[in-house]
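Listing of entry_33.tsv; format and content: TSV, C-alpha atoms.
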```tsv
chain	number	residue	atom	x	y	z
Q	1	MET	CA	-50.46	18.63	-0.64
Q	2	THR	CA	-52.47	19.81	2.32
Q	3	ASP	CA	-56.14	19.90	1.46
Q	4	ILE	CA	-57.52	22.00	4.27
Q	5	VAL	CA	-55.64	24.57	6.32
Q	6	CYS	CA	-57.18	26.81	8.96
Q	7	ASN	CA	-55.07	29.47	10.53
Q	8	GLN	CA	-56.37	31.30	13.62
Q	9	VAL	CA	-59.90	31.28	12.26
Q	10	GLU	CA	-62.38	33.36	14.21
Q	11	LYS	CA	-66.11	33.71	13.65
Q	12	LYS	CA	-68.32	36.05	15.63
Q	13	PHE	CA	-72.09	36.30	15.47
Q	14	ARG	CA	-72.79	39.75	16.88
Q	15	ASN	CA	-70.81	39.59	20.11
Q	16	LYS	CA	-70.80	35.84	20.53
Q	17	LYS	CA	-67.68	34.00	19.44
Q	18	ALA	CA	-68.54	30.75	17.66
Q	19	LEU	CA	-64.96	29.99	16.66
Q	20	ASN	CA	-61.98	31.18	18.62
Q	21	LYS	CA	-58.62	31.21	16.78
Q	22	LEU	CA	-59.15	27.71	15.41
Q	23	SER	CA	-56.12	26.24	13.64
Q	24	CYS	CA	-55.76	22.85	12.01
Q	25	SER	CA	-54.64	21.15	8.83
Q	26	ILE	CA	-56.01	18.09	7.12
Q	27	GLU	CA	-54.11	16.09	4.56
Q	28	GLY	CA	-54.99	13.18	2.32
Q	29	GLU	CA	-58.09	11.10	1.80
Q	30	LYS	CA	-59.29	10.27	5.28
Q	31	ILE	CA	-62.55	9.89	7.13
Q	32	ILE	CA	-62.41	12.27	10.06
Q	33	GLY	CA	-64.89	12.42	12.91
Q	34	LEU	CA	-65.73	15.94	14.01
Q	35	ILE	CA	-66.78	15.61	17.62
Q	36	GLY	CA	-67.95	18.21	20.11
Q	37	ARG	CA	-70.75	19.09	22.46
Q	38	ASN	CA	-73.76	21.12	21.39
Q	39	GLY	CA	-72.69	24.65	20.53
Q	40	ALA	CA	-68.98	23.78	20.30
Q	41	GLY	CA	-68.71	25.31	16.82
Q	42	LYS	CA	-68.86	22.19	14.60
Q	43	SER	CA	-71.49	23.44	12.17
Q	44	THR	CA	-70.03	26.96	11.99
Q	45	TRP	CA	-66.63	25.55	11.10
Q	46	LEU	CA	-68.07	23.31	8.37
Q	47	LYS	CA	-69.99	26.26	6.90
Q	48	LEU	CA	-66.78	28.30	6.84
Q	49	LEU	CA	-64.92	25.49	5.06
Q	50	ALA	CA	-67.71	25.27	2.50
Q	51	GLY	CA	-67.53	29.01	1.93
Q	52	HIS	CA	-71.12	29.54	3.10
Q	53	LEU	CA	-69.85	31.93	5.75
Q	54	LYS	CA	-66.95	34.34	5.84
Q	55	PRO	CA	-64.56	34.27	8.79
Q	56	THR	CA	-64.40	37.33	11.04
Q	57	ASP	CA	-60.66	36.90	11.24
Q	58	GLY	CA	-57.98	34.38	10.23
Q	59	GLU	CA	-57.44	32.39	7.05
Q	60	ILE	CA	-58.91	29.29	5.46
Q	61	HIS	CA	-57.23	27.60	2.52
Q	62	ILE	CA	-58.78	24.72	0.61
Q	63	PHE	CA	-56.51	23.33	-2.10
Q	64	GLY	CA	-54.58	26.56	-1.51
Q	65	GLU	CA	-57.54	28.84	-2.17
Q	66	ASN	CA	-60.01	30.85	-0.14
Q	67	PRO	CA	-63.34	28.97	-0.25
Q	68	PHE	CA	-65.57	32.04	0.11
Q	69	ASN	CA	-67.28	32.93	-3.20
Q	70	ASN	CA	-65.09	30.42	-5.04
Q	71	LEU	CA	-66.59	28.39	-7.89
Q	72	LYS	CA	-63.68	25.98	-8.17
Q	73	ILE	CA	-64.04	25.04	-4.51
Q	74	ALA	CA	-67.83	24.80	-4.87
Q	75	THR	CA	-67.56	22.07	-7.51
Q	76	ASN	CA	-64.98	20.10	-5.50
Q	77	LEU	CA	-66.53	20.40	-2.07
Q	78	ILE	CA	-69.97	19.57	-0.78
Q	79	LEU	CA	-71.54	20.29	2.59
Q	80	ILE	CA	-74.52	18.17	3.60
Q	81	GLU	CA	-76.59	19.57	6.44
Q	82	ASP	CA	-80.15	19.68	7.76
Q	83	SER	CA	-80.91	23.14	6.48
Q	84	MET	CA	-79.97	22.42	2.85
Q	85	THR	CA	-82.48	23.88	0.45
Q	86	PHE	CA	-83.30	22.90	-3.11
Q	87	PRO	CA	-85.44	24.73	-5.69
Q	88	PRO	CA	-89.05	23.77	-4.83
Q	89	PHE	CA	-90.24	23.40	-8.46
Q	90	PHE	CA	-88.24	20.27	-9.23
Q	91	ASN	CA	-88.74	16.69	-8.05
Q	92	LEU	CA	-85.89	14.59	-6.66
Q	93	GLY	CA	-85.07	13.00	-10.03
Q	94	GLU	CA	-84.80	16.43	-11.62
Q	95	LEU	CA	-82.58	17.62	-8.79
Q	96	PHE	CA	-80.28	14.69	-9.57
Q	97	ASP	CA	-80.21	15.69	-13.25
Q	98	MET	CA	-79.24	19.23	-12.32
Q	99	ALA	CA	-76.50	17.96	-10.03
Q	100	SER	CA	-74.92	16.09	-12.93
Q	101	ASP	CA	-74.44	19.43	-14.71
Q	102	PHE	CA	-72.67	20.93	-11.75
Q	103	TYR	CA	-70.58	18.12	-10.22
Q	104	PRO	CA	-68.09	16.63	-12.74
Q	105	ASP	CA	-67.97	13.19	-11.04
Q	106	TRP	CA	-71.72	12.91	-10.35
Q	107	GLN	CA	-72.85	9.25	-9.97
Q	108	GLY	CA	-76.39	9.37	-11.33
Q	109	ASP	CA	-77.07	5.62	-11.38
Q	110	LEU	CA	-75.84	5.17	-7.85
Q	111	ALA	CA	-77.99	8.06	-6.60
Q	112	ILE	CA	-81.12	6.55	-8.17
Q	113	ARG	CA	-80.37	3.04	-6.87
Q	114	LEU	CA	-79.75	4.32	-3.33
Q	115	LEU	CA	-82.95	6.37	-3.37
Q	116	GLU	CA	-84.91	3.33	-4.57
Q	117	TYR	CA	-83.33	1.24	-1.85
Q	118	ALA	CA	-84.47	3.81	0.72
Q	119	ASN	CA	-88.01	3.61	-0.71
Q	120	ILE	CA	-88.15	7.27	-1.63
Q	121	PRO	CA	-89.91	7.85	-4.99
Q	122	LEU	CA	-87.92	9.82	-7.56
Q	123	LYS	CA	-91.03	11.85	-8.31
Q	124	SER	CA	-91.42	13.21	-4.78
Q	125	PHE	CA	-90.56	16.75	-3.81
Q	126	HIS	CA	-87.91	17.64	-1.25
Q	127	HIS	CA	-90.27	19.75	0.87
Q	128	ASN	CA	-92.76	16.86	1.15
Q	129	LEU	CA	-90.27	14.38	2.58
Q	130	SER	CA	-90.26	13.34	6.24
Q	131	LYS	CA	-87.38	14.41	8.47
Q	132	GLY	CA	-85.60	11.08	8.11
Q	133	GLN	CA	-86.18	11.01	4.35
Q	134	VAL	CA	-84.73	14.51	3.98
Q	135	SER	CA	-81.55	13.36	5.73
Q	136	THR	CA	-81.41	10.21	3.60
Q	137	PHE	CA	-81.85	12.15	0.36
Q	138	ASN	CA	-79.29	14.78	1.36
Q	139	LEU	CA	-76.71	12.13	2.24
Q	140	ILE	CA	-77.29	10.24	-1.02
Q	141	TYR	CA	-76.85	13.56	-2.85
Q	142	GLY	CA	-73.61	14.18	-0.96
Q	143	LEU	CA	-72.18	10.74	-1.70
Q	144	ALA	CA	-73.18	10.73	-5.38
Q	145	ALA	CA	-71.50	14.11	-5.91
Q	146	ARG	CA	-68.13	12.40	-5.27
Q	147	CYS	CA	-66.49	15.67	-4.26
Q	148	ALA	CA	-62.84	15.52	-3.20
Q	149	ILE	CA	-63.95	17.11	0.06
Q	150	THR	CA	-67.22	15.84	1.48
Q	151	LEU	CA	-68.50	17.46	4.66
Q	152	LEU	CA	-71.38	15.72	6.43
Q	153	ASP	CA	-72.95	17.64	9.31
Q	154	GLU	CA	-74.94	15.24	11.50
Q	155	PRO	CA	-75.94	13.29	8.36
Q	156	MET	CA	-78.08	10.71	10.17
Q	157	ASN	CA	-80.42	13.14	11.97
Q	158	GLY	CA	-83.91	11.70	12.14
Q	159	MET	CA	-83.13	8.44	10.31
Q	160	ASP	CA	-84.43	5.23	11.80
Q	161	GLU	CA	-82.06	2.57	13.07
Q	162	GLY	CA	-82.22	0.39	9.95
Q	163	ILE	CA	-81.50	3.00	7.31
Q	164	ARG	CA	-78.86	4.55	9.58
Q	165	THR	CA	-76.79	1.36	9.59
Q	166	ASP	CA	-77.24	1.01	5.83
Q	167	MET	CA	-76.18	4.60	5.20
Q	168	TYR	CA	-73.02	4.24	7.32
Q	169	ARG	CA	-72.20	1.22	5.19
Q	170	ALA	CA	-72.91	3.26	2.05
Q	171	ILE	CA	-70.48	5.95	3.25
Q	172	LEU	CA	-67.77	3.33	3.79
Q	173	LYS	CA	-68.33	1.61	0.43
Q	174	GLU	CA	-68.30	4.90	-1.45
Q	175	TYR	CA	-65.13	5.91	0.38
Q	176	ILE	CA	-63.42	2.63	-0.57
Q	177	ALA	CA	-64.55	3.00	-4.18
Q	178	TYR	CA	-63.43	6.59	-4.40
Q	179	PRO	CA	-61.26	7.73	-1.47
Q	180	ARG	CA	-61.85	11.38	-0.55
Q	181	THR	CA	-61.54	13.66	2.44
Q	182	MET	CA	-64.67	13.13	4.50
Q	183	ILE	CA	-65.48	15.04	7.64
Q	184	ILE	CA	-68.47	13.65	9.52
Q	185	SER	CA	-69.77	15.54	12.53
Q	186	SER	CA	-71.64	13.74	15.25
Q	187	HIS	CA	-72.26	13.97	18.92
Q	188	HIS	CA	-72.59	10.25	19.13
Q	189	LEU	CA	-69.06	8.94	18.60
Q	190	PRO	CA	-69.64	5.20	19.24
Q	191	GLU	CA	-71.94	5.09	16.23
Q	192	ILE	CA	-69.32	6.32	13.73
Q	193	GLU	CA	-66.13	5.20	15.48
Q	194	HIS	CA	-65.59	2.15	13.24
Q	195	LEU	CA	-65.53	4.35	10.13
Q	196	LEU	CA	-62.98	6.85	11.35
Q	197	GLU	CA	-59.27	7.24	10.86
Q	198	GLU	CA	-58.89	10.45	12.86
Q	199	ILE	CA	-60.78	12.42	15.44
Q	200	LEU	CA	-61.04	16.18	15.56
Q	201	LEU	CA	-62.46	17.29	18.87
Q	202	ILE	CA	-63.74	20.84	19.14
Q	203	ASP	CA	-64.78	22.70	22.26
Q	204	ASP	CA	-65.65	26.37	22.73
Q	205	GLY	CA	-64.64	27.09	19.15
Q	206	GLU	CA	-61.15	25.65	19.51
Q	207	VAL	CA	-59.49	22.39	18.51
Q	208	VAL	CA	-58.91	20.32	21.64
Q	209	LEU	CA	-57.59	17.23	19.93
Q	210	HIS	CA	-56.72	16.12	16.39
Q	211	VAL	CA	-55.19	12.63	16.43
Q	212	PRO	CA	-55.59	9.13	14.99
Q	213	LEU	CA	-58.50	7.26	16.55
Q	214	GLU	CA	-56.26	4.59	18.09
Q	215	ASP	CA	-54.35	7.23	20.03
Q	216	VAL	CA	-57.56	8.44	21.63
Q	217	ASN	CA	-58.33	4.95	22.88
Q	218	GLN	CA	-54.90	4.80	24.51
Q	219	MET	CA	-54.80	8.33	25.89
Q	220	LEU	CA	-56.44	7.97	29.28
Q	221	VAL	CA	-56.53	5.27	31.90
Q	222	ARG	CA	-58.99	4.59	34.70
Q	223	LEU	CA	-57.53	3.61	38.09
Q	224	LYS	CA	-59.70	1.82	40.63
Q	225	GLY	CA	-58.77	0.86	44.14
Q	226	ASP	CA	-57.31	2.32	47.30
Q	227	VAL	CA	-57.32	6.13	47.29
Q	228	ASN	CA	-53.88	6.54	48.88
Q	229	GLU	CA	-52.23	4.11	46.50
Q	230	ILE	CA	-53.81	5.86	43.53
Q	231	LYS	CA	-52.60	9.24	44.78
Q	232	GLU	CA	-49.08	7.76	44.89
Q	233	ILE	CA	-49.35	6.32	41.39
Q	234	THR	CA	-50.64	9.59	39.99
Q	235	ASP	CA	-48.00	11.59	41.87
Q	236	TYR	CA	-50.73	13.74	43.43
Q	237	GLN	CA	-51.31	15.43	40.08
Q	238	ASP	CA	-54.68	16.78	38.99
Q	239	VAL	CA	-56.95	14.11	37.61
Q	240	LEU	CA	-59.60	14.53	34.93
Q	241	PHE	CA	-62.26	12.72	36.87
Q	242	GLU	CA	-62.60	11.25	40.31
Q	243	LYS	CA	-65.28	9.41	42.19
Q	244	GLN	CA	-65.31	8.18	45.75
Q	245	ASP	CA	-67.93	5.84	47.10
Q	246	ALA	CA	-68.22	3.68	50.18
Q	247	VAL	CA	-65.90	0.93	49.00
Q	248	SER	CA	-63.65	2.27	46.30
Q	249	TYR	CA	-62.00	5.25	44.71
Q	250	GLU	CA	-61.79	5.85	40.99
Q	251	ALA	CA	-59.72	8.34	39.03
Q	252	ILE	CA	-59.06	8.98	35.34
Q	253	ILE	CA	-55.74	10.43	34.27
Q	254	GLU	CA	-53.56	10.74	31.17
Q	255	ARG	CA	-51.61	7.54	30.63
Q	256	ASN	CA	-48.30	9.41	30.34
Q	257	LYS	CA	-48.79	11.09	33.74
Q	258	ILE	CA	-48.62	7.80	35.59
Q	259	ASN	CA	-45.64	7.44	37.87
Q	260	THR	CA	-43.76	4.54	36.31
Q	261	ASN	CA	-41.30	4.51	39.21
Q	262	TYR	CA	-44.02	3.30	41.54
Q	263	GLN	CA	-42.67	-0.13	42.35
Q	264	ASN	CA	-44.82	-1.38	45.21
Q	265	GLN	CA	-47.05	-4.33	44.52
Q	266	THR	CA	-50.45	-2.84	44.03
Q	267	ASN	CA	-54.04	-3.95	43.89
Q	268	VAL	CA	-55.03	-0.91	41.90
Q	269	GLN	CA	-56.85	-1.91	38.72
Q	270	MET	CA	-56.08	-0.15	35.46
Q	271	GLN	CA	-58.83	-0.03	32.87
Q	272	PRO	CA	-59.01	1.45	29.39
Q	273	VAL	CA	-61.15	4.52	28.73
Q	274	SER	CA	-63.16	4.53	25.50
Q	275	ALA	CA	-62.69	7.21	22.84
Q	276	SER	CA	-66.16	8.55	23.46
Q	277	GLU	CA	-65.47	8.89	27.20
Q	278	VAL	CA	-62.16	10.61	26.43
Q	279	CYS	CA	-63.95	13.19	24.30
Q	280	LYS	CA	-66.54	13.74	27.00
Q	281	LEU	CA	-63.92	14.20	29.71
Q	282	LEU	CA	-61.72	16.53	27.68
Q	283	THR	CA	-64.64	18.84	26.98
Q	284	HIS	CA	-66.13	18.77	30.45
Q	285	LYS	CA	-65.43	21.63	32.78
Q	286	GLN	CA	-66.33	20.04	36.10
Q	287	LYS	CA	-64.49	17.21	37.77
Q	288	GLY	CA	-67.62	15.68	39.21
Q	289	GLY	CA	-70.64	14.38	37.36
Q	290	ILE	CA	-74.33	15.17	37.20
Q	291	ASP	CA	-74.67	13.61	40.66
Q	292	ASP	CA	-72.74	16.49	42.18
Q	293	VAL	CA	-75.31	18.99	40.94
Q	294	PHE	CA	-77.92	17.30	43.10
Q	295	LYS	CA	-75.75	17.29	46.23
Q	296	SER	CA	-76.86	19.90	48.72
L	1	MET	CA	-66.81	-13.59	13.50
L	2	SER	CA	-67.66	-9.98	14.04
L	3	ILE	CA	-65.45	-7.13	15.08
L	4	SER	CA	-66.66	-5.57	18.28
L	5	ASN	CA	-66.72	-1.87	18.86
L	6	ASN	CA	-67.33	-2.22	22.57
L	7	SER	CA	-64.46	-4.56	23.20
L	8	THR	CA	-61.49	-3.08	25.01
L	9	ILE	CA	-59.21	-4.60	22.37
L	10	PRO	CA	-58.47	-2.06	19.62
L	11	ILE	CA	-60.10	-2.94	16.29
L	12	TYR	CA	-56.78	-3.26	14.42
L	13	ILE	CA	-55.57	-5.85	16.93
L	14	GLN	CA	-58.83	-7.76	16.54
L	15	ILE	CA	-58.16	-7.78	12.79
L	16	ALA	CA	-54.61	-9.07	13.28
L	17	GLU	CA	-55.89	-11.82	15.59
L	18	TRP	CA	-58.60	-12.79	13.13
L	19	ILE	CA	-56.03	-13.27	10.36
L	20	GLU	CA	-53.84	-15.27	12.76
L	21	ASN	CA	-56.82	-17.51	13.50
L	22	GLU	CA	-57.41	-18.00	9.77
L	23	ILE	CA	-53.78	-19.09	9.42
L	24	LEU	CA	-54.00	-21.43	12.43
L	25	ALA	CA	-57.16	-22.99	10.98
L	26	ASN	CA	-55.30	-23.62	7.69
L	27	ARG	CA	-57.73	-21.42	5.77
L	28	ILE	CA	-54.73	-19.46	4.50
L	29	GLN	CA	-51.65	-21.60	3.74
L	30	ASP	CA	-47.96	-20.69	3.69
L	31	ASP	CA	-47.30	-18.33	0.78
L	32	GLY	CA	-51.05	-17.85	0.44
L	33	LYS	CA	-52.40	-14.41	-0.30
L	34	VAL	CA	-54.04	-12.53	2.56
L	35	PHE	CA	-57.05	-10.21	2.21
L	36	SER	CA	-56.17	-6.65	1.26
L	37	GLN	CA	-56.92	-3.78	3.61
L	38	TYR	CA	-59.87	-2.79	1.39
L	39	GLN	CA	-61.32	-6.30	1.42
L	40	LEU	CA	-60.99	-6.40	5.20
L	41	ALA	CA	-62.60	-2.96	5.49
L	42	GLU	CA	-65.58	-4.21	3.47
L	43	MET	CA	-65.83	-7.50	5.33
L	44	PHE	CA	-65.73	-6.02	8.81
L	45	ASN	CA	-67.28	-2.64	8.08
L	46	ILE	CA	-64.29	-0.65	9.30
L	47	ASN	CA	-62.01	2.10	8.03
L	48	PRO	CA	-59.41	0.75	5.55
L	49	ALA	CA	-56.63	2.50	7.48
L	50	THR	CA	-57.58	0.55	10.60
L	51	ALA	CA	-57.52	-2.71	8.62
L	52	GLY	CA	-54.14	-1.64	7.21
L	53	LYS	CA	-52.77	-1.21	10.73
L	54	GLY	CA	-53.78	-4.78	11.56
L	55	LEU	CA	-51.86	-6.04	8.51
L	56	THR	CA	-48.82	-3.91	9.43
L	57	ILE	CA	-48.58	-5.56	12.85
L	58	LEU	CA	-48.45	-9.00	11.22
L	59	LEU	CA	-45.86	-7.72	8.75
L	60	GLU	CA	-43.69	-6.43	11.60
L	61	ASN	CA	-44.04	-9.71	13.50
L	62	GLY	CA	-42.83	-11.66	10.48
L	63	ILE	CA	-46.11	-13.47	10.02
L	64	LEU	CA	-46.80	-11.87	6.64
L	65	TYR	CA	-44.53	-10.63	3.88
L	66	LYS	CA	-45.16	-8.12	1.14
L	67	LYS	CA	-44.81	-8.54	-2.60
L	68	ARG	CA	-44.76	-5.16	-4.26
L	69	GLY	CA	-47.93	-4.48	-6.17
L	70	LEU	CA	-49.31	-7.94	-5.43
L	71	GLY	CA	-50.29	-7.75	-1.78
L	72	MET	CA	-49.39	-9.58	1.40
L	73	PHE	CA	-48.67	-13.28	1.80
L	74	VAL	CA	-48.24	-15.73	4.65
L	75	GLN	CA	-44.62	-16.27	5.66
L	76	GLU	CA	-43.41	-19.86	5.80
L	77	GLY	CA	-43.56	-21.12	9.39
L	78	ALA	CA	-46.06	-18.42	10.37
L	79	LYS	CA	-48.22	-20.95	12.16
L	80	GLU	CA	-45.45	-21.98	14.55
L	81	LEU	CA	-44.66	-18.32	15.17
L	82	ILE	CA	-48.26	-17.55	16.11
L	83	LEU	CA	-48.50	-20.60	18.36
L	84	ALA	CA	-45.27	-19.71	20.15
L	85	LYS	CA	-46.37	-16.12	20.65
L	86	ARG	CA	-49.78	-17.07	22.00
L	87	ARG	CA	-48.25	-19.63	24.38
L	88	ASP	CA	-45.96	-16.92	25.70
L	89	GLU	CA	-48.75	-14.43	26.22
L	90	LYS	CA	-51.26	-16.81	27.74
L	91	LEU	CA	-48.80	-18.55	30.02
L	92	SER	CA	-47.20	-15.40	31.36
L	93	LYS	CA	-50.63	-13.96	32.07
L	94	LEU	CA	-51.63	-17.08	34.01
L	95	ALA	CA	-48.29	-17.07	35.86
L	96	LYS	CA	-48.87	-13.49	36.94
L	97	GLU	CA	-52.31	-14.36	38.27
L	98	ILE	CA	-50.92	-17.31	40.23
L	99	VAL	CA	-48.20	-15.19	41.81
L	100	GLN	CA	-50.69	-12.49	42.78
L	101	GLU	CA	-53.09	-14.98	44.34
L	102	ALA	CA	-50.24	-16.69	46.19
L	103	LYS	CA	-49.25	-13.36	47.66
L	104	ARG	CA	-52.78	-12.69	48.85
L	105	LEU	CA	-52.85	-16.11	50.55
L	106	PHE	CA	-49.40	-15.65	52.15
L	107	VAL	CA	-47.95	-18.61	50.23
L	108	SER	CA	-44.15	-18.45	50.18
L	109	ASP	CA	-42.08	-18.71	46.96
L	110	GLU	CA	-40.84	-22.20	47.90
L	111	GLU	CA	-44.33	-23.42	48.67
L	112	LEU	CA	-45.56	-22.10	45.32
L	113	LEU	CA	-42.75	-23.77	43.35
L	114	ASP	CA	-43.35	-27.04	45.21
L	115	LEU	CA	-47.02	-26.81	44.34
L	116	ILE	CA	-46.28	-26.32	40.62
L	117	LYS	CA	-43.84	-29.27	40.63
L	118	LYS	CA	-46.44	-31.41	42.37
L	119	VAL	CA	-49.08	-30.54	39.77
L	120	GLN	CA	-46.58	-31.30	36.96
L	121	LYS	CA	-45.96	-34.76	38.39
L	122	GLU	CA	-49.67	-35.48	38.68
L	123	GLU	CA	-50.30	-34.59	35.02
```

What does this structure look like when you write it as structure tokens?
Amino acid sequence: MTDIVCNQVEKKFRNKKALNKLSCSIEGEKIIGLIGRNGAGKSTWLKLLAGHLKPTDGEIHIFGENPFNNLKIATNLILIEDSMTFPPFFNLGELFDMASDFYPDWQGDLAIRLLEYANIPLKSFHHNLSKGQVSTFNLIYGLAARCAITLLDEPMNGMDEGIRTDMYRAILKEYIAYPRTMIISSHHLPEIEHLLEEILLIDDGEVVLHVPLEDVNQMLVRLKGDVNEIKEITDYQDVLFEKQDAVSYEAIIERNKINTNYQNQTNVQMQPVSASEVCKLLTHKQKGGIDDVFKS
Amino acid sequence: MSISNNSTIPIYIQIAEWIENEILANRIQDDGKVFSQYQLAEMFNINPATAGKGLTILLENGILYKKRGLGMFVQEGAKELILAKRRDEKLSKLAKEIVQEAKRLFVSDEELLDLIKKVQKEE
């Protein structure tokens, strides 16, 4: 059964389009990386999936149902984000107790142990926590809820290096213990890459790419060497990136666009392009880099 | 060993090579049980699906075999298979480098073959 289906989903805020006819479907218990530049529409999409917002147009189905104003979806799906609010009259321990009433698979012991590990007292109040502590608490809350669909929007915001690494490990261990659909958004792919099975790349409110992580690593290739030879190998097609300096020429192109009939012995070097570079290139409008802005 | 994110080798291939090394070092014997994809995921801090892909490669290469519901085991003669494969890969890579360098230095095919024969005799 397909867990999440989006069909031509559009979301407008006043006149600005945040999502533009976004379609995708997600099946099975996987950890998916939601990647995109600032303002690409990542958070808006997650809020729509969670039913916190209503689409302007198009359809969203989660377990076959519309998530907006839907109690069944609310108990089986959790969205963790920076702006989460909790009732201010209760301390963290009490918030955990309340969660156990709402989420059927709530892991109370685990939540308390993780909070202790992070050195956050159970008696503290959510609004008194530091930025990093808020993120840590929210993520612990999200993991302990053990919802079939767990959406984590930039979960590590503000956490220091040490707790960050520990929390990534906690995500993985919880996933192994209880596989679920996890969507983790980040603009720093290398940090979460090892956890992911698939990548969903969003730009300008549309899905640019939704493929297994390994495919992304194989998608592009960097060619370095003589400019004329490279033009031959690439069949004079458009490249995604090119750079010319005094000694060498460099171009990045889709692996499947390479002219395999090119037989001449060549000194052109072929190098792999990392997944994070691929995402950057596919969502970048200009062929040049920041250097070109400063050229006069 | 640790699995490197920055390496140009995909993680699932690093996993496959790590298991091969364990077999070569006799830490897993013929018909011995190999780590499951979940154990590997825990050990190397990676997605279980990625670990699973590493195991699948070894299954396809005949290095491991599957017992339903029990897991994956080392095929008899796996060690020889791994050694043969690595010899192939390493040697053909070196051969390619030699040929390329010879071309750069304008060494003819005959000269190159003579050179290899000479080195063989000296060994």

Tell me which protein, DNA and RNA residues are within 12 Å of L:Pro10, counting all atoms listed in the file, leaving out same-chain ones fewer than 5 positions away, and put them as a PyMOL selection string. (chain Q and resi 193-194+213-218+272-275) or (chain L and resi 3-5+15-17+46+50-51+53-54)

With chain L as the partner and 10 Å as the cut-off, tabulate the residues of chain Q that qualify, each row holding the nearest pair of atoms and their distance in Å to one decimal, using all atoms listed in the file, sorted by chain and rising number, as a tab-separated table.
```
residue	atom	partner	partner_atom	distance
Q:Lys30	CA	L:Ala49	CA	8.5
Q:Ile31	CA	L:Asn47	CA	7.9
Q:Tyr168	CA	L:Asn45	CA	9.0
Q:Arg169	CA	L:Asn45	CA	6.9
Q:Leu172	CA	L:Asn47	CA	7.3
Q:Lys173	CA	L:Glu42	CA	7.1
Q:Tyr175	CA	L:Asn47	CA	9.1
Q:Ile176	CA	L:Tyr38	CA	6.8
Q:Ala177	CA	L:Tyr38	CA	9.3
Q:Pro190	CA	L:Asn5	CA	7.7
Q:Glu191	CA	L:Asn5	CA	9.1
Q:Ile192	CA	L:Ile46	CA	9.7
Q:Glu193	CA	L:Asn5	CA	7.9
Q:His194	CA	L:Ile46	CA	5.0
Q:Leu195	CA	L:Asn47	CA	4.7
Q:Leu196	CA	L:Asn47	CA	5.9
Q:Glu197	CA	L:Ala49	CA	6.4
Q:Glu198	CA	L:Ala49	CA	9.9
Q:Pro212	CA	L:Thr50	CA	9.8
Q:Leu213	CA	L:Thr50	CA	9.0
Q:Glu214	CA	L:Pro10	CA	7.2
Q:Asn217	CA	L:Pro10	CA	7.7
Q:Gln218	CA	L:Pro10	CA	9.1
Q:Gln265	CA	L:Gln100	CA	9.1
Q:Thr266	CA	L:Gln100	CA	9.7
Q:Asn267	CA	L:Gln100	CA	9.2
Q:Gln271	CA	L:Thr8	CA	8.8
Q:Pro272	CA	L:Thr8	CA	6.8
Q:Val273	CA	L:Thr8	CA	8.5
Q:Ser274	CA	L:Thr8	CA	7.8
```

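Non-sequential neighbours of Q:Val221 (distance at most 7 Å, separation of 2 or more positions within a chain, only C-alpha atoms) are Met219, Leu223, Ile252, Ile253, Glu254, Arg255, Met270, Gln271, Pro272 and Val273 of chain Q.
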
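Across the model, the gap from atom CA of Q:Leu71 to atom CA of Q:Pro104 is 12.8 Å.
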
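Within a radius of 7 Å around (-85.8, 1.0, 4.1), the polymer residues are Tyr117, Ala118, Asn119, Gly162 and Ile163 of chain Q, counting all atoms listed in the file.
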
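Remark: for L:Phe35, the closest of the candidate residues L:Gly69, L:Val107, L:Leu55, L:Leu115 is L:Leu55 (distances computed over all atoms listed in the file).
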
Excluding Q:Phe125 and any residue of its chain fewer than 5 positions from it, enumerate the residues within 9 Å of it, using all atoms listed in the file, and give them as an NGL selection string. :Q and (88-92)

What is the distance between atom CA of Q:Phe63 and atom CA of Q:Asp3, in Å to one decimal? 5.0 Å

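Separating atom CA of Q:His61 from atom CA of Q:Val5 is a distance of 5.1 Å.
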
Any chance you could work out the axis-aligned box around stretch 92-106 of chain L, listed atoms only, 5 Å on each side, giving centre and edge lengths in Å to one decimal, as lines of an AutoDock Vina configuration file?
```
center_x = -50.1
center_y = -14.9
center_z = 41.8
size_x = 15.9
size_y = 14.8
size_z = 30.8
```

Extract, using only C-alpha atoms, all DNA, RNA and protein residues at most 8 Å from stretch 78-94 of chain L, discarding same-chain residues fewer than 6 positions from it, and format them as a list in words. Glu20, Ile23, Leu24, Asp30, Gly62, Ile63 and Leu64 of chain L

Can you write out the residues you just picked, keeping C-alpha atoms, as a PDB file, in the coordinates of the input?
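To be explicit, this is the file written out as out_16.pdb:
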```pdb
ATOM      1  CA  GLU L  20     -53.840 -15.270  12.760  1.00  0.00           C
ATOM      2  CA  ILE L  23     -53.780 -19.090   9.420  1.00  0.00           C
ATOM      3  CA  LEU L  24     -54.000 -21.430  12.430  1.00  0.00           C
ATOM      4  CA  ASP L  30     -47.960 -20.690   3.690  1.00  0.00           C
ATOM      5  CA  GLY L  62     -42.830 -11.660  10.480  1.00  0.00           C
ATOM      6  CA  ILE L  63     -46.110 -13.470  10.020  1.00  0.00           C
ATOM      7  CA  LEU L  64     -46.800 -11.870   6.640  1.00  0.00           C
TER       8      LEU L  64
END
```

Counting only C-alpha atoms, write as a CSV table (one decimal) with C-alpha atoms, in the coordinates of the input all protein and nucleic acid residues lying at most 12 Å from (-54.5, 19.8, 37.0) in the file's frame.
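out29.csv written:
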```csv
chain,number,residue,atom,x,y,z
Q,234,THR,CA,-50.6,9.6,40.0
Q,235,ASP,CA,-48.0,11.6,41.9
Q,236,TYR,CA,-50.7,13.7,43.4
Q,237,GLN,CA,-51.3,15.4,40.1
Q,238,ASP,CA,-54.7,16.8,39.0
Q,239,VAL,CA,-57.0,14.1,37.6
Q,240,LEU,CA,-59.6,14.5,34.9
Q,241,PHE,CA,-62.3,12.7,36.9
Q,252,ILE,CA,-59.1,9.0,35.3
Q,253,ILE,CA,-55.7,10.4,34.3
Q,254,GLU,CA,-53.6,10.7,31.2
Q,257,LYS,CA,-48.8,11.1,33.7
Q,285,LYS,CA,-65.4,21.6,32.8
Q,286,GLN,CA,-66.3,20.0,36.1
Q,287,LYS,CA,-64.5,17.2,37.8
```
